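Novice: Next up, entry.pdb (PDB, C-alpha atoms).
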```pdb
ATOM      1  CA  MET A   1     -29.021  38.736   9.679
ATOM      2  CA  LYS A   2     -28.971  41.736   7.328
ATOM      3  CA  ARG A   3     -28.959  44.097  10.298
ATOM      4  CA  GLN A   4     -25.959  42.332  11.869
ATOM      5  CA  LEU A   5     -24.066  42.510   8.577
ATOM      6  CA  LEU A   6     -24.818  46.232   8.258
ATOM      7  CA  VAL A   7     -23.671  46.887  11.833
ATOM      8  CA  SER A   8     -20.462  44.889  11.244
ATOM      9  CA  VAL A   9     -19.655  46.851   8.083
ATOM     10  CA  LEU A  10     -20.312  50.168   9.862
ATOM     11  CA  ILE A  11     -18.057  49.188  12.771
ATOM     12  CA  LEU A  12     -15.246  48.196  10.383
ATOM     13  CA  PHE A  13     -15.659  51.444   8.433
ATOM     14  CA  PHE A  14     -15.536  53.472  11.657
ATOM     15  CA  GLN A  15     -12.443  51.564  12.839
ATOM     16  CA  PHE A  16     -10.590  52.249   9.565
ATOM     17  CA  SER A  17     -11.552  55.917   9.607
ATOM     18  CA  ILE A  18     -10.163  56.618  13.096
ATOM     19  CA  SER A  19      -7.139  54.310  13.100
ATOM     20  CA  GLN A  20      -3.729  55.975  12.808
ATOM     21  CA  GLU A  21      -2.323  53.514  10.300
ATOM     22  CA  LYS A  22      -4.509  53.394   7.204
ATOM     23  CA  PRO A  23      -4.738  50.197   5.133
ATOM     24  CA  GLY A  24      -3.716  51.786   1.827
ATOM     25  CA  ARG A  25      -3.545  54.717  -0.528
ATOM     26  CA  VAL A  26      -4.813  55.817  -3.935
ATOM     27  CA  PHE A  27      -2.373  56.446  -6.805
ATOM     28  CA  PHE A  28      -2.259  57.569 -10.417
ATOM     29  CA  LEU A  29       0.322  56.332 -12.894
ATOM     30  CA  GLY A  30       1.574  56.678 -16.423
ATOM     31  CA  ASP A  31       4.336  55.089 -18.453
ATOM     32  CA  ALA A  32       5.852  54.964 -21.922
ATOM     33  CA  ASN A  33       7.523  51.802 -23.241
ATOM     34  CA  PHE A  34       9.454  51.034 -26.419
ATOM     35  CA  THR A  35      10.238  47.747 -28.124
ATOM     36  CA  LEU A  36      13.337  46.926 -30.135
ATOM     37  CA  GLY A  37      13.272  44.570 -33.114
ATOM     38  CA  ILE A  38      15.529  43.100 -35.773
ATOM     39  CA  ASN A  39      15.961  45.205 -38.942
ATOM     40  CA  GLU A  40      14.721  42.919 -41.740
ATOM     41  CA  ASN A  41      16.733  44.914 -44.314
ATOM     42  CA  TYR A  42      20.043  44.475 -42.480
ATOM     43  CA  GLN A  43      22.755  42.611 -44.387
ATOM     44  CA  ILE A  44      26.025  41.492 -42.801
ATOM     45  CA  GLY A  45      29.064  42.981 -44.541
ATOM     46  CA  SER A  46      26.966  44.993 -46.974
ATOM     47  CA  GLU A  47      28.503  48.227 -48.257
ATOM     48  CA  ASP A  48      25.148  49.967 -48.720
ATOM     49  CA  GLU A  49      23.154  51.764 -46.047
ATOM     50  CA  SER A  50      20.906  48.984 -44.724
ATOM     51  CA  GLY A  51      20.799  50.515 -41.238
ATOM     52  CA  PRO A  52      21.592  49.023 -37.841
ATOM     53  CA  LEU A  53      20.738  45.445 -36.847
ATOM     54  CA  ILE A  54      18.483  46.481 -33.934
ATOM     55  CA  VAL A  55      15.828  49.172 -34.537
ATOM     56  CA  PRO A  56      12.824  50.479 -32.560
ATOM     57  CA  SER A  57       9.638  48.670 -33.582
ATOM     58  CA  ALA A  58       6.841  49.798 -31.234
ATOM     59  CA  LEU A  59       5.725  52.390 -28.686
ATOM     60  CA  PHE A  60       3.274  51.820 -25.825
ATOM     61  CA  PHE A  61       1.648  54.483 -23.647
ATOM     62  CA  ARG A  62      -0.322  53.689 -20.462
ATOM     63  CA  VAL A  63      -2.235  55.712 -17.873
ATOM     64  CA  GLY A  64      -4.136  54.376 -14.908
ATOM     65  CA  PHE A  65      -5.291  54.662 -11.353
ATOM     66  CA  GLY A  66      -5.302  52.212  -8.504
ATOM     67  CA  TYR A  67      -5.101  51.434  -4.836
ATOM     68  CA  GLU A  68      -2.082  50.159  -2.884
ATOM     69  CA  PHE A  69      -2.621  47.970   0.188
ATOM     70  CA  LYS A  70      -0.056  48.230   3.020
ATOM     71  CA  ARG A  71       2.875  48.937   0.647
ATOM     72  CA  LYS A  72       2.888  45.351  -0.669
ATOM     73  CA  ILE A  73       0.041  44.773  -3.113
ATOM     74  CA  ALA A  74      -1.569  47.192  -5.555
ATOM     75  CA  ILE A  75      -4.449  46.826  -7.979
ATOM     76  CA  ALA A  76      -5.036  49.250 -10.843
ATOM     77  CA  PHE A  77      -7.065  49.907 -13.962
ATOM     78  CA  ASN A  78      -4.963  50.893 -16.994
ATOM     79  CA  SER A  79      -5.751  52.115 -20.470
ATOM     80  CA  GLY A  80      -3.404  53.038 -23.267
ATOM     81  CA  TYR A  81      -2.323  53.237 -26.861
ATOM     82  CA  ASP A  82       0.009  50.793 -28.665
ATOM     83  CA  LEU A  83       1.665  51.461 -32.011
ATOM     84  CA  HIS A  84       3.550  48.642 -33.815
ATOM     85  CA  TRP A  85       4.677  50.327 -37.036
ATOM     86  CA  ASN A  86       6.336  47.169 -38.419
ATOM     87  CA  TYR A  87       2.923  45.457 -38.525
ATOM     88  CA  ASN A  88       0.810  48.596 -39.007
ATOM     89  CA  VAL A  89      -1.014  47.847 -35.739
ATOM     90  CA  LYS A  90      -2.677  50.504 -33.646
ATOM     91  CA  ALA A  91      -4.396  49.178 -30.530
ATOM     92  CA  PHE A  92      -6.086  50.461 -27.394
ATOM     93  CA  PRO A  93      -5.550  48.019 -24.506
ATOM     94  CA  THR A  94      -7.616  48.281 -21.333
ATOM     95  CA  CYS A  95      -6.551  46.055 -18.493
ATOM     96  CA  GLY A  96      -6.517  45.403 -14.802
ATOM     97  CA  SER A  97      -3.201  44.931 -13.058
ATOM     98  CA  LEU A  98      -1.907  43.330  -9.902
ATOM     99  CA  LYS A  99       1.448  44.555  -8.581
ATOM    100  CA  TYR A 100       3.447  42.969  -5.763
ATOM    101  CA  ASN A 101       6.369  44.832  -4.169
ATOM    102  CA  ILE A 102       9.123  42.249  -3.692
ATOM    103  CA  ILE A 103      11.645  44.472  -1.907
ATOM    104  CA  GLU A 104      11.202  47.858  -0.241
ATOM    105  CA  LYS A 105      14.130  49.930   0.949
ATOM    106  CA  GLU A 106      13.919  53.616   1.896
ATOM    107  CA  ASP A 107      10.621  54.054  -0.011
ATOM    108  CA  ASN A 108      12.174  52.537  -3.192
ATOM    109  CA  THR A 109      10.604  49.275  -4.351
ATOM    110  CA  HIS A 110      11.341  46.400  -6.720
ATOM    111  CA  PHE A 111       8.129  44.885  -8.039
ATOM    112  CA  VAL A 112       6.526  42.328 -10.316
ATOM    113  CA  GLU A 113       3.284  43.207 -12.109
ATOM    114  CA  ILE A 114       0.716  41.253 -14.130
ATOM    115  CA  ARG A 115      -1.727  42.961 -16.517
ATOM    116  CA  VAL A 116      -4.719  41.205 -18.094
ATOM    117  CA  GLY A 117      -7.443  42.716 -20.246
ATOM    118  CA  LYS A 118      -8.837  43.441 -23.697
ATOM    119  CA  MET A 119      -7.227  44.973 -26.766
ATOM    120  CA  TRP A 120      -9.362  47.109 -29.069
ATOM    121  CA  THR A 121      -8.190  47.734 -32.644
ATOM    122  CA  PRO A 122      -9.738  50.319 -34.970
ATOM    123  CA  SER A 123      -8.313  48.441 -37.973
ATOM    124  CA  SER A 124     -10.321  46.064 -40.133
ATOM    125  CA  ILE A 125      -7.129  44.019 -40.724
ATOM    126  CA  TYR A 126      -6.937  42.753 -37.126
ATOM    127  CA  SER A 127      -9.796  41.877 -34.814
ATOM    128  CA  ASP A 128     -10.191  42.899 -31.177
ATOM    129  CA  GLY A 129      -8.432  40.505 -28.869
ATOM    130  CA  ASN A 130      -6.996  39.784 -25.459
ATOM    131  CA  TYR A 131      -4.046  41.478 -23.791
ATOM    132  CA  PHE A 132      -1.593  39.989 -21.295
ATOM    133  CA  GLY A 133       1.530  41.524 -19.789
ATOM    134  CA  ILE A 134       4.004  40.615 -17.079
ATOM    135  CA  GLY A 135       6.916  42.716 -15.968
ATOM    136  CA  LEU A 136       9.592  43.604 -13.459
ATOM    137  CA  GLY A 137      10.321  47.109 -12.326
ATOM    138  CA  ILE A 138      11.868  49.551  -9.905
ATOM    139  CA  GLN A 139       9.965  52.438  -8.357
ATOM    140  CA  VAL A 140      12.327  55.173  -7.128
ATOM    141  CA  ALA A 141      10.948  57.510  -4.472
ATOM    142  CA  GLY A 142      11.015  61.151  -5.455
ATOM    143  CA  GLU A 143      10.138  64.412  -3.813
ATOM    144  CA  GLU A 144       6.842  64.504  -1.958
ATOM    145  CA  ARG A 145       4.438  62.042  -3.625
ATOM    146  CA  TRP A 146       6.002  61.647  -7.111
ATOM    147  CA  ASN A 147       7.891  58.447  -7.936
ATOM    148  CA  THR A 148       9.854  57.431 -11.041
ATOM    149  CA  ILE A 149       9.345  53.949 -12.492
ATOM    150  CA  PHE A 150      11.733  51.909 -14.681
ATOM    151  CA  ARG A 151      10.400  48.620 -16.052
ATOM    152  CA  ILE A 152      10.860  45.728 -18.471
ATOM    153  CA  ASP A 153       7.701  43.964 -19.679
ATOM    154  CA  PHE A 154       6.634  41.013 -21.790
ATOM    155  CA  HIS A 155       3.425  41.742 -23.765
ATOM    156  CA  ARG A 156       1.182  39.246 -25.555
ATOM    157  CA  LYS A 157      -1.625  40.477 -27.765
ATOM    158  CA  ARG A 158      -3.967  37.756 -29.019
ATOM    159  CA  SER A 159      -5.909  38.604 -32.148
ATOM    160  CA  VAL A 160      -6.910  36.861 -35.358
ATOM    161  CA  GLY A 161      -4.657  38.070 -38.160
ATOM    162  CA  PHE A 162      -1.292  37.948 -36.396
ATOM    163  CA  GLU A 163       1.136  35.115 -37.055
ATOM    164  CA  ASN A 164      -0.013  32.284 -34.717
ATOM    165  CA  ASN A 165      -2.877  34.681 -33.797
ATOM    166  CA  ARG A 166      -0.660  36.548 -31.331
ATOM    167  CA  LEU A 167       1.913  39.318 -31.238
ATOM    168  CA  ASP A 168       4.599  38.976 -28.544
ATOM    169  CA  SER A 169       7.058  41.693 -27.581
ATOM    170  CA  VAL A 170       9.455  42.713 -24.821
ATOM    171  CA  SER A 171       9.547  46.391 -23.942
ATOM    172  CA  PHE A 172      11.626  48.764 -21.844
ATOM    173  CA  GLY A 173       9.899  51.668 -20.218
ATOM    174  CA  PHE A 174       9.863  54.525 -17.804
ATOM    175  CA  GLY A 175       7.017  56.280 -16.073
ATOM    176  CA  PHE A 176       5.726  57.888 -12.929
ATOM    177  CA  SER A 177       3.370  57.252 -10.064
ATOM    178  CA  PHE A 178       1.663  59.896  -7.988
ATOM    179  CA  PHE A 179       0.195  58.929  -4.631
ATOM    180  CA  ASN A 180      -2.857  60.968  -3.678
ATOM    181  CA  ARG A 181      -2.162  61.068   0.046
ATOM    182  CA  ASN A 182       0.325  59.347   2.281
ATOM    183  CA  LEU A 183      -2.049  57.478   4.548
ATOM    184  CA  TYR A 184       0.533  55.252   6.223
ATOM    185  CA  ARG A 185       1.831  57.803   8.659
ATOM    186  CA  SER A 186      -0.039  59.323  11.560
ATOM    187  CA  PRO A 187      -1.315  62.869  10.886
ATOM    188  CA  LEU A 188       0.185  63.964  14.236
TER     189      LEU A 188
END
```
Would it be possible to restate this file's structure as structure tokens?
Specialist:
Amino acid sequence: MKRQLLVSVLILFFQFSISQEKPGRVFFLGDANFTLGINENYQIGSEDESGPLIVPSALFFRVGFGYEFKRKIAIAFNSGYDLHWNYNVKAFPTCGSLKYNIIEKEDNTHFVEIRVGKMWTPSSIYSDGNYFGIGLGIQVAGEERWNTIFRIDFHRKRSVGFENNRLDSVSFGFGFSFFNRNLYRSPL
């Protein structure tokens, strides 16, 4: 039985290695997101300088690598740094993601992505917790293998110490993806 399984795996590996259309491709990615919040010092009709109603409240940075299957589904491992200065929170999320390309037109894609993982905090104020994110985005094809990404994401960070033991935010971001090799087209 073990011998038959080994032979089957070797045959499949050989078939993938000589076929003209490869099943997927490796990619690297990075993005930067920002979150807007309500200015707690803002006063309607006030003559003093209380500032604007909407102000930036957080920055998120992510880098990762993954594998895309047949231009539809991609899995990736991401790590990053989150800074919420309104709450004095610095966190290091690590997560896995699953991305599904909804629409593809001329190498541009519209996608939905889910990220799930852990959040590590160096602070003694907040404990380590769980991280969850879901978002929509557009990946615009660029020259050669570089692509530009625009996205909007909902983030939930669960940790003891936050109000209701979670911190929710919506962010807007931009980033890039770099595909290692274009394996979809025939080398000839």
Novice: With only C-alpha atoms as the atoms that count, which of A:Trp120, A:Phe132, A:Tyr100, A:Tyr81 lies nearest to Val63 in chain A?
Specialist: A:Tyr81
Novice: Find the residue from A:Val140, A:Ser123, A:Val55, A:Asn108 that sits nearest to Asn88 in chain A; use only C-alpha atoms when measuring.
Specialist: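 Looking only at the distances to Asn88 in chain A, the closest residue turns out to be A:Ser123.
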Novice: Tell me which of A:Gly30, A:Gly24, A:Gly161, A:Gly117 sits closest to Tyr131 in chain A, counting all atoms listed in the file.
Specialist: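 For Tyr131 in chain A, the nearest of the given residues is A:Gly117.
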Novice: How many Å lie between CA of Lys72 in chain A and CA of Phe60 in chain A, rounded to one decimal?
Specialist: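 We find that CA of Lys72 in chain A and CA of Phe60 in chain A lie 26.0 Å from each other.
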Novice: Nearest residue to Ile38 in chain A out of A:Gly80, A:Gly142, A:Pro23, A:Pro56, using only C-alpha atoms?
Specialist: A:Pro56
Novice: Could you tell me, as a compact mmCIF listing (two decimals) with C-alpha atoms, in the coordinates of the input, exactly which residues end up selected when the PyMOL selection byres ((chain A and resi 58) around 6) is applied to this structure?
Specialist:
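Below is the file part_36.txt, written as the result:
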```
# COMPACT_ATOMS: atom_id res chain seq x y z
CA PHE A 34 9.45 51.03 -26.42
CA THR A 35 10.24 47.75 -28.12
CA SER A 57 9.64 48.67 -33.58
CA LEU A 59 5.72 52.39 -28.69
CA LEU A 83 1.66 51.46 -32.01
CA HIS A 84 3.55 48.64 -33.82
```
Novice: For the file shown, what are the residues hit by the PyMOL selection byres ((chain A and resi 96) around 7), laid out as a VMD selection string?
Specialist: chain A and resid 76 to 78 95 97 115 to 117
Novice: Translate the PyMOL selection byres ((chain A and resi 164-177) around 9) into a concrete residue list for this structure, as a PyMOL selection string.
Specialist: chain A and resi 27-37+58-60+62+139+145-163+178-179
Novice: Take CA of Thr109 in chain A and CA of Pro93 in chain A and report the distance between them in Å, one decimal.
Specialist: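 That distance, rounded to one decimal, is 25.9 Å.
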Novice: Provide the CA of Ala91 in chain A to CA of Asp128 in chain A distance in Å, to one decimal place.
Specialist: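 Result for CA of Ala91 in chain A versus CA of Asp128 in chain A: 8.6 Å, one decimal.
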